[in-house]
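K.L.:
Sharing structure22.txt, compact mmCIF, C-alpha atoms:
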```
# COMPACT_ATOMS: atom_id res chain seq x y z
CA MET A 22 77.90 146.74 138.14
CA ARG A 23 78.86 149.51 135.82
CA HIS A 24 79.90 146.94 133.27
CA GLY A 25 76.56 145.05 133.30
CA LEU A 26 74.73 147.26 130.82
CA PRO A 27 76.99 146.65 127.79
CA TRP A 28 76.88 142.87 128.34
CA THR A 29 73.10 142.89 128.71
CA LEU A 30 72.74 144.98 125.58
CA ALA A 31 75.06 142.59 123.69
CA GLY A 32 72.94 139.62 124.80
CA VAL A 33 69.73 141.25 123.62
CA VAL A 34 71.26 142.18 120.23
CA THR A 35 72.57 138.62 119.78
CA ALA A 36 69.15 137.12 120.58
CA LEU A 37 67.46 139.49 118.12
CA MET A 38 69.98 138.61 115.40
CA LEU A 39 69.51 134.87 115.93
CA GLY A 40 65.75 135.26 115.94
CA ALA A 41 65.91 137.15 112.66
CA CYS A 42 67.59 134.15 111.00
CA GLN A 43 64.56 131.89 111.43
CA PRO A 44 61.39 132.77 109.48
CA GLN A 45 58.44 133.06 111.86
CA SER A 46 54.70 132.84 111.51
CA PRO A 47 52.50 135.59 113.03
CA ASP A 48 52.14 133.59 116.27
CA GLY A 49 55.94 133.71 116.82
CA LYS A 50 56.59 130.06 115.96
CA ALA A 51 58.87 128.90 113.16
CA ALA A 52 57.19 129.35 109.80
CA PRO A 53 56.54 126.28 107.63
CA PRO A 54 58.71 125.94 104.51
CA PRO A 55 57.34 127.40 101.26
CA ALA A 56 54.95 125.14 99.33
CA ASP A 57 57.44 124.70 96.48
CA ALA A 58 60.33 123.74 98.77
CA PRO A 59 61.73 120.24 98.18
CA ASP A 60 60.88 117.59 100.78
CA GLU A 61 64.55 116.80 101.36
CA ALA A 62 67.76 118.65 100.90
CA PRO A 63 69.29 117.89 97.50
CA GLU A 64 72.15 115.42 97.40
CA PRO A 65 75.53 117.06 96.94
CA PRO A 66 76.95 116.46 93.47
CA GLU A 67 79.10 113.36 93.21
CA GLU A 68 82.81 113.79 92.78
CA PRO A 69 83.65 113.20 89.13
CA ASP A 70 85.35 109.88 88.58
CA GLU A 71 88.77 109.84 87.03
CA PRO A 72 88.35 109.82 83.26
CA ALA A 73 88.30 106.37 81.74
CA PRO A 74 91.45 105.48 79.85
CA PRO A 75 91.17 105.58 76.07
CA LYS A 76 90.58 102.11 74.60
CA GLU A 77 94.09 101.98 73.17
CA PHE A 78 95.43 101.73 76.73
CA THR A 79 93.11 98.93 77.84
CA GLY A 80 93.49 95.19 77.45
CA ASP A 81 96.68 93.17 77.29
CA LEU A 82 99.74 95.17 76.27
CA ASP A 83 103.34 94.14 75.60
CA ALA A 84 106.48 96.26 75.45
CA ARG A 85 110.04 95.56 74.37
CA GLY A 86 113.31 97.39 74.68
CA THR A 87 116.87 97.04 73.45
CA GLU A 88 120.22 98.09 74.87
CA PRO A 89 119.63 96.65 77.40
CA PHE A 90 117.09 94.04 76.31
CA TRP A 91 113.90 93.87 78.35
CA ALA A 92 110.26 92.81 78.00
CA LEU A 93 107.07 93.89 79.74
CA GLU A 94 103.61 92.34 79.90
CA ILE A 95 100.61 94.25 81.21
CA ARG A 96 97.70 91.99 82.10
CA PRO A 97 94.53 92.77 84.06
CA ASP A 98 95.89 91.15 87.23
CA LYS A 99 99.64 91.79 87.03
CA ILE A 100 102.55 93.52 85.32
CA THR A 101 105.67 91.46 84.57
CA PHE A 102 109.02 93.04 83.68
CA THR A 103 111.82 90.72 82.57
CA ARG A 104 115.46 91.23 81.67
CA PRO A 105 118.12 88.72 80.64
CA ASP A 106 119.64 86.59 83.38
CA PRO A 107 120.77 87.01 86.10
CA GLU A 108 118.09 89.61 86.85
CA PRO A 109 114.95 88.01 88.31
CA PRO A 110 111.60 89.08 86.81
CA VAL A 111 109.70 91.84 88.56
CA VAL A 112 106.05 90.87 89.01
CA ALA A 113 103.62 93.31 90.59
CA PRO A 114 99.84 93.41 90.94
CA ASN A 115 98.34 95.65 88.28
CA PRO A 116 97.33 98.86 90.13
CA GLY A 117 95.13 99.97 87.24
CA VAL A 118 95.86 102.49 84.57
CA GLY A 119 95.83 106.21 85.15
CA VAL A 120 95.54 108.70 82.31
CA ASP A 121 97.83 111.68 82.12
CA ASP A 122 96.37 114.31 79.73
CA GLY A 123 94.57 111.64 77.67
CA GLN A 124 97.68 110.91 75.62
CA HIS A 125 99.71 108.97 78.19
CA ALA A 126 98.75 105.93 80.25
CA VAL A 127 100.54 105.35 83.54
CA TRP A 128 100.68 102.33 85.85
CA SER A 129 102.48 103.12 89.10
CA THR A 130 103.20 100.95 92.11
CA THR A 131 105.99 99.96 94.48
CA GLN A 132 107.79 96.64 94.28
CA ASN A 133 110.26 95.57 96.98
CA GLY A 134 110.58 99.19 98.15
CA ARG A 135 111.33 100.49 94.63
CA THR A 136 109.16 102.62 92.39
CA PHE A 137 107.81 100.56 89.51
CA MET A 138 106.15 102.73 86.88
CA VAL A 139 105.16 102.14 83.27
CA SER A 140 104.22 104.99 80.95
CA LEU A 141 102.86 104.50 77.42
CA ALA A 142 102.29 107.24 74.88
CA HIS A 143 100.33 106.84 71.64
CA GLU A 144 103.26 107.68 69.38
CA ASP A 145 104.98 105.76 66.56
CA CYS A 146 108.07 104.03 67.90
CA SER A 147 111.01 102.21 66.31
CA ASP A 148 112.97 99.62 68.28
CA GLY A 149 116.17 100.78 66.53
CA MET A 150 117.09 97.26 65.45
CA SER A 151 114.47 96.38 62.84
CA ASP A 152 112.14 97.97 60.34
CA LEU A 153 109.18 97.42 62.68
CA MET A 154 107.08 100.36 63.79
CA TYR A 155 105.14 100.11 67.05
CA PRO A 156 102.09 102.23 67.94
CA TYR A 157 103.26 103.18 71.46
CA LEU A 158 106.35 104.61 73.08
CA ALA A 159 107.12 102.88 76.40
CA VAL A 160 109.09 104.06 79.42
CA VAL A 161 109.62 101.77 82.41
CA THR A 162 111.03 103.10 85.67
CA LEU A 163 112.33 100.61 88.21
CA GLY A 164 113.88 102.32 91.21
CA ASP A 165 116.56 104.64 89.82
CA GLN A 166 116.75 102.90 86.43
CA THR A 167 114.83 103.97 83.32
CA PHE A 168 114.21 101.71 80.33
CA ARG A 169 112.92 103.02 76.99
CA GLY A 170 111.28 100.98 74.28
CA CYS A 171 108.15 100.38 72.25
CA ALA A 172 104.78 98.78 73.00
CA PHE A 173 101.81 97.22 71.24
CA LYS A 174 98.52 95.50 72.02
CA THR A 175 99.07 91.80 72.56
CA GLY A 176 98.17 89.93 69.39
CA GLN A 177 98.55 93.00 67.16
CA GLN A 178 102.08 92.72 65.88
CA PRO A 179 103.98 95.87 64.91
CA ARG A 180 104.03 96.82 61.25
CA GLU A 181 107.05 96.75 58.95
CA GLY A 182 108.53 99.96 57.63
CA GLY A 183 105.87 102.11 59.25
CA LYS A 184 103.14 100.69 56.98
```
Would it be possible to restate this file's structure as structure tokens?
P.N.:
Amino acid sequence: MRHGLPWTLAGVVTALMLGACQPQSPDGKAAPPPADAPDEAPEPPEEPDEPAPPKEFTGDLDARGTEPFWALEIRPDKITFTRPDPEPPVVAPNPGVGVDDGQHAVWSTTQNGRTFMVSLAHEDCSDGMSDLMYPYLAVVTLGDQTFRGCAFKTGQQPREGGK
């Protein structure tokens, strides 16, 4: 029993330390909380939501590209990417827009096992075949292929000659 004393001493010290953590009233019972203490613990702060996309990236959007020709429609319920025959259209549920640094909007999903991503940047864009200037630069990624073009809000046609 030579080793009993250190363990007994350790138990007493532990009990004293635990007892010191709880405020006590003079009769040895737990002390009531201070009068100005809140009735309930405060709620933890909510996680900040992802920033809302700027208005220019909301609503119906269309994009076009040349060499090769392609078209894209972004609608609240789906995204449709079309190319000339024989390629079938790619139609995917709209996953919602994400904002990358406030200047780029990104829609990203998977379609038939391939990455399907659309990125729009608020930047003047020329289609390279006309004098039309579009308000957005568009990049579409489908699997390992990348398509570049221009985009605009549906119903707001691009302007001629950058005017």
K.L.:
Suppose you want the space between atom CA of A:Trp128 and atom CA of A:Thr87; what is it in Å?
P.N.:
21.1 Å
K.L.:
Can you tell me how far atom CA of A:Ala172 sits from atom CA of A:Asp81, in Å to one decimal?
P.N.:
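Going from atom CA of A:Ala172 over to atom CA of A:Asp81 covers 10.7 Å.
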K.L.:
Looking at only C-alpha atoms, which of A:Thr167, A:Thr136, A:Thr175, A:Thr130 is the one that sits closest to A:Gly86?
P.N.:
A:Thr167
K.L.:
Atom CA of A:Arg96 and atom CA of A:Arg180, how far apart in Å?
P.N.:
22.3 Å
K.L.:
With a distance cut-off of 12 Å and all atoms listed in the file, select the neighbouring residues of A:Gly117, excluding the residue or stretch itself and same-chain residues fewer than 6 positions from it, and output the selection as a list in words.
P.N.:
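Everything that qualifies: Glu71, Ala73, Pro74, Phe78, Thr79, Gly80, Ile95, Arg96, Pro97, Asp98, Lys99, Ile100, Ala126, Val127, Trp128, Ser129, Thr130, Met138 and Val139 of chain A.
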K.L.:
Show me, as number ranges by chain, the residues that have an atom within 10 Å of A:Glu88 when counting all atoms listed in the file, minus same-chain residues fewer than 4 positions from it.
P.N.:
A: 148-150, 168-170
K.L.:
Could you tell me which of A:Cys171, A:Trp91, A:Thr162, A:Leu82 comes closest to A:Ala142 if we count only C-alpha atoms?
P.N.:
A:Cys171
